[in-house]
Amino acid sequence: MVVSVSDLNKDDGAALQIGRFTVYKQSASPYNEDPHLGCVYQHSSNGHGPNQSFTEPESGGLVMVPLGTDDVQGEESPQPQPVLTQNARQDHRRPSIYSTLDQVPHYAFYANTAAPGRLKKSRPSLNVLRYAIDESEGVPPGGLEGSPSQGTPDKPSDEEANVGNKPKSQPVRFGWVKGVMIRCMLNIWGVILYLRLPWITAQAGIGLTWVIILLSSLVTAITGLSISAISTNGKVKAGGTYFLISRSLGPELGGSIGLIFAFANAVAVAMHTVGFSETVRDLIIEYSGGPIVDPINDIRIIGVITVVVLLGVCMAGMEWESKAQILFFVVILISFVNYFVGTVIPATEEKQSKGFFNYKADLFLSNMVPGWRGEDGSFFGMFSIFFPSATGILAGANISGDLKDPAVAIPRGTLMAIFWTTVSYLAISATIGSCMVRDASASLNDTLLSNETAGCEGQACSYGWNFTECYRAGDCSQGLLNNYQTLSMVSGFGPLVTAGIFSATLSSALACLVSAPKVFQCLCRDNLYPLIGVFGKGYGKNNEPMWGYVLTFFIAVAFILIAELNVIAPIISNFFLCSYALINFSCFHASITNSPGWRPSFRYYSRWTALFGAIISLVIMFLLNWWAALIALGIVVFLLGYVTYKKPDINWGSSMQAGTYNLALSYSVSLTGVEDHVKNFRPQCLILTGPPNFRPALVDFVGTFTKNIGLMICGNIIMGEGKNVQQEERTSAEVKWLNKRKIRSFYTSLSGDNLRDGAKNLMQATGLGKLKPNTLFMGFKGNWQEDLPRNMDDYIGTIHDAFDINYGVCLLRLTEGLDVSTKMKAHVNPAFEDHEGTETEEKAENDSTETIVDEQVSSIFQAKQGKKTIDLYWISDDGGLTLLIPYLLTRKKRWRQCRVRVFIIGHQDTVEEERKEMLSLLSQFRLDFHDVVVIIDSEQAPLSENMKRFEDSTAPYRLNDGLRDEATVRELRKDCPWMISDREMEQLKQKSERKIRLNEIIQENSPEAALILVSLPVANKDFCPSALYMAWLDALSHNLRCPTVLIRGNQQSVLTFYCQ
């Protein structure tokens, strides 16, 4: 009878066995009265293995106790299994209809993290489903020794690093209104609204001011749509704008814009603080009769004191900062109401003297057109000053880590904030332009004594005031163009607008002071740039970046010392525009790549509007200030280049990766329709390296001439007991090893019963379309006489198979050999032979993986070759591959000083003619090879001692059929096809002698060469046994002190002297 957890809850007498434990309800415990046990304990899932703990159970809860020794049934070291407790959520563990081990889909299987104190849930692996025995087959879950548990402890994420036995206080989380909309509106309603919008209206007129506002809102609205799409395409964590761009476009662009955006926010703190300080200074002058020191230094003193107070609020925590923002928001709304009420209250004579006359139609029309004055008197001059006021749209996204649901809060809050702030800017610009004149004197004596307006200039003449004198002298102190505090004067109660100015400037400064460190903290944690890791450390329940606050403070103080708002505002405009351009480009690029992973839940966006937003942002950057735009873009390019060069080991599934895949796929498909041409031939090499770090010299040699020229694939044929085991981690380690060695190569592994089968499958299956190997590279089998004859036969068979598939073949031989695995500690780790505990094996595997990457054994091909020679023995025409490889080598820096010498076989009577003929051919091939040597003594008999060595090497593989009967010989030939008969030895004796003689010539002519290339002899596989062919290859390259390559093309031309 199978008992489930639900049975335990229903029946107090039920019990369930899981591994070495019995689970039951407390009241039904068979051990309650057992004096030997004392008390029972409830299992806690805070650990596994030796870290699991037991606590006293609550009344009525499910408990578990260990079985007795007789019940264990001989289990020696059972693995702890997941425990069913009453409060554990097991709904997602429902089995599939296919198997009791299979599981139905559930959210927990896709989540990267688990709840604090719980095990991370994971679906069963393929190995579990294929090899484990489920309940329907008679074995209860957990009864199999060493079977994988359904839940495995997850490696703690950054957010869970401090989870322990002590309950952790929950961080403060905000909704879309409090966390995004109010925060964005406060950041947009900043210093520009109160202190510069009336002045901009006077300069540009109401019409162009509306154009400036709507153009800024267009850029921010498109950016808001783009950021809404990006933020709803997956779970958003802390880091705000940097997180969104970097996870979309990748670390290269994301890192550069993260630094720029954090810096721009830090400067924005200074801008808003200076605006606040200006107001305080004006109040001090108004009520005390003079400045503290002087107008400029007063701003600096007040600004530094203010930013110190704001820093204290931020360090107190997000909860206090949020409460302060709500208070600021309420004050600003009250100031708005106060202002609009003030515009309809009849103007007093004092206010009229300052240029305020309530709503006038002709005044509205007069102020509709521009009235440019001063150095900044231009459309783009006004735009550069106004635009920073619209940049607060990212204030909510910048604290994405503190939002309850960023995917909902960011789109809704950001777009609502853009709408309402745009309406408020338009309304204030229109109303203030309808109520006030541009110039006024504030003198009550400037009234017109009669209705005569002769000699009176300005719109105020129509309302009984004459400000002509101050207008002509240029010393008017009031009016839209001269007084930054006009909103306060117009309002019903001036101090309320002053309070609004304080709230707007301080709230914006506070928002930027929070945003900059949060963005910078996420950037520092990604380790893209050196020496900034300390700023990524967080403190407290909200993980506050304290050191980031300090850095932002010092940057803000540095710019506060400028003490000029009109100077600071344009500085940050280009940085924010650069950020917006990249945000829009991120959305466009993610959409255009058609990646299946791009599935934003926010649908109200278009790839083309995003592209338009990116372009218009860049255009505005250059129209505002072309040299500042170049500086901003130069910084982006420099930081991008640095990250591209460093190649951080991170993978965020960016749209750049999707775009690269699309380009590669498109070009690969288009390449299939292009016919091969000899002019476009490139050596595309498949190298049988095994694990590449085993044979670094072979990898380095091929990587030298294929880099940026041809395809290179390192192939590993897995044989033996582990051939069916997936080795994803090891594959990843090998790829990292290649990348660290700066080898541009693919890596692939394939299982096979032996070398020949695996290599044949690799040659047939590797590649894509035209991107397929055409040349097989192998190391020379130096141990062929000590190894099993079958392995030698497979090696020679692989060469024959390569020729059958129309591959070229190259064999590299070094005196010291190619395999360095015995020198690498990672591959003699005794921990791999310890099967007593999986924990030891996993640690050893991890250590091995790390060692693979770190272990970089040097090879002879990594050094400069100097002024040596590359000696090419072109014995047989193979289509030109023998010439092409050394030519490609000499184009590389390490081989550039080497001189190529070409050796050919000739006759003594025609030496000069053959030499000239070869020089002519090399010249027509446009190869810079000028040394040709004609060998005339190749047909001489080899030395007797060399011939004796050759015969000794073949002796173990001789059939000696003259001493055996025919039946025995036939049986030996069937079982050992590599054996050499006496007849074959005699028939091929002359060929054997010529290879031995050629080796003598090579030793004589090339003792100090950097590299020797010799034409690889091709044997008839039906008449030349593999042992004899192997002996030929050995004799040809024997005792050569420098690297030797036996090379043979596929007999098709790879060089031509024609132009078509």
# chains A, B, ... in the order shown; residues from 1 in each chain; ligands from 1

$ residues_around --residues "segment 755-758 of chain A" --least-positions-apart "3" --cutoff "9 Å" --atoms "only C-alpha atoms" --output "PyMOL selection string"
chain A and resi 716-719+750-752+761-763+791+793-799+801

$ select_by_dssp --residues "segment 522-632 of chain A" --states "alpha helix (DSSP H)" --output "ChimeraX atom specification"
/A:522-525,546-560,565-592,607-624,626-632

$ residues_around --residues "Val293 of chain A" --least-positions-apart "5" --cutoff "12 Å" --atoms "only C-alpha atoms" --output "number ranges by chain"
A: 281, 284-285, 298-302

$ residues_around --residues "Leu496 of chain A" --least-positions-apart "6" --cutoff "8 Å" --atoms "only C-alpha atoms" --output "number ranges by chain"
A: 331, 334-335, 338, 488

$ atom_distance --atom1 "atom CA of Gly808 of chain A" --atom2 "atom CA of Val1054 of chain A"
11.0 Å

$ atom_distance --atom1 "atom CA of Ile743 of chain A" --atom2 "atom CA of Gly690 of chain A"
15.7 Å

$ residues_around --residues "Val219 of chain A" --least-positions-apart "6" --cutoff "8 Å" --atoms "only C-alpha atoms" --output "PyMOL selection string"
chain A and resi 580+613+616-617

$ residues_around --residues "Asp282 of chain A" --least-positions-apart "3" --cutoff "12 Å" --atoms "only C-alpha atoms" --output "number ranges by chain"
A: 195, 275-279, 285-292, 294-296, 298-299, 302, 483-485, 488, 498

$ residues_around --residues "Met489 of chain A" --least-positions-apart "4" --cutoff "12 Å" --atoms "only C-alpha atoms" --output "VMD selection string"
chain A and resid 194 to 195 198 338 to 340 342 to 343 347 to 348 350 to 357 432 435 to 436 442 478 to 480 483 to 485 493 to 498

$ atom_distance --atom1 "atom CA of Leu776 of chain A" --atom2 "atom CA of Lys707 of chain A"
16.5 Å
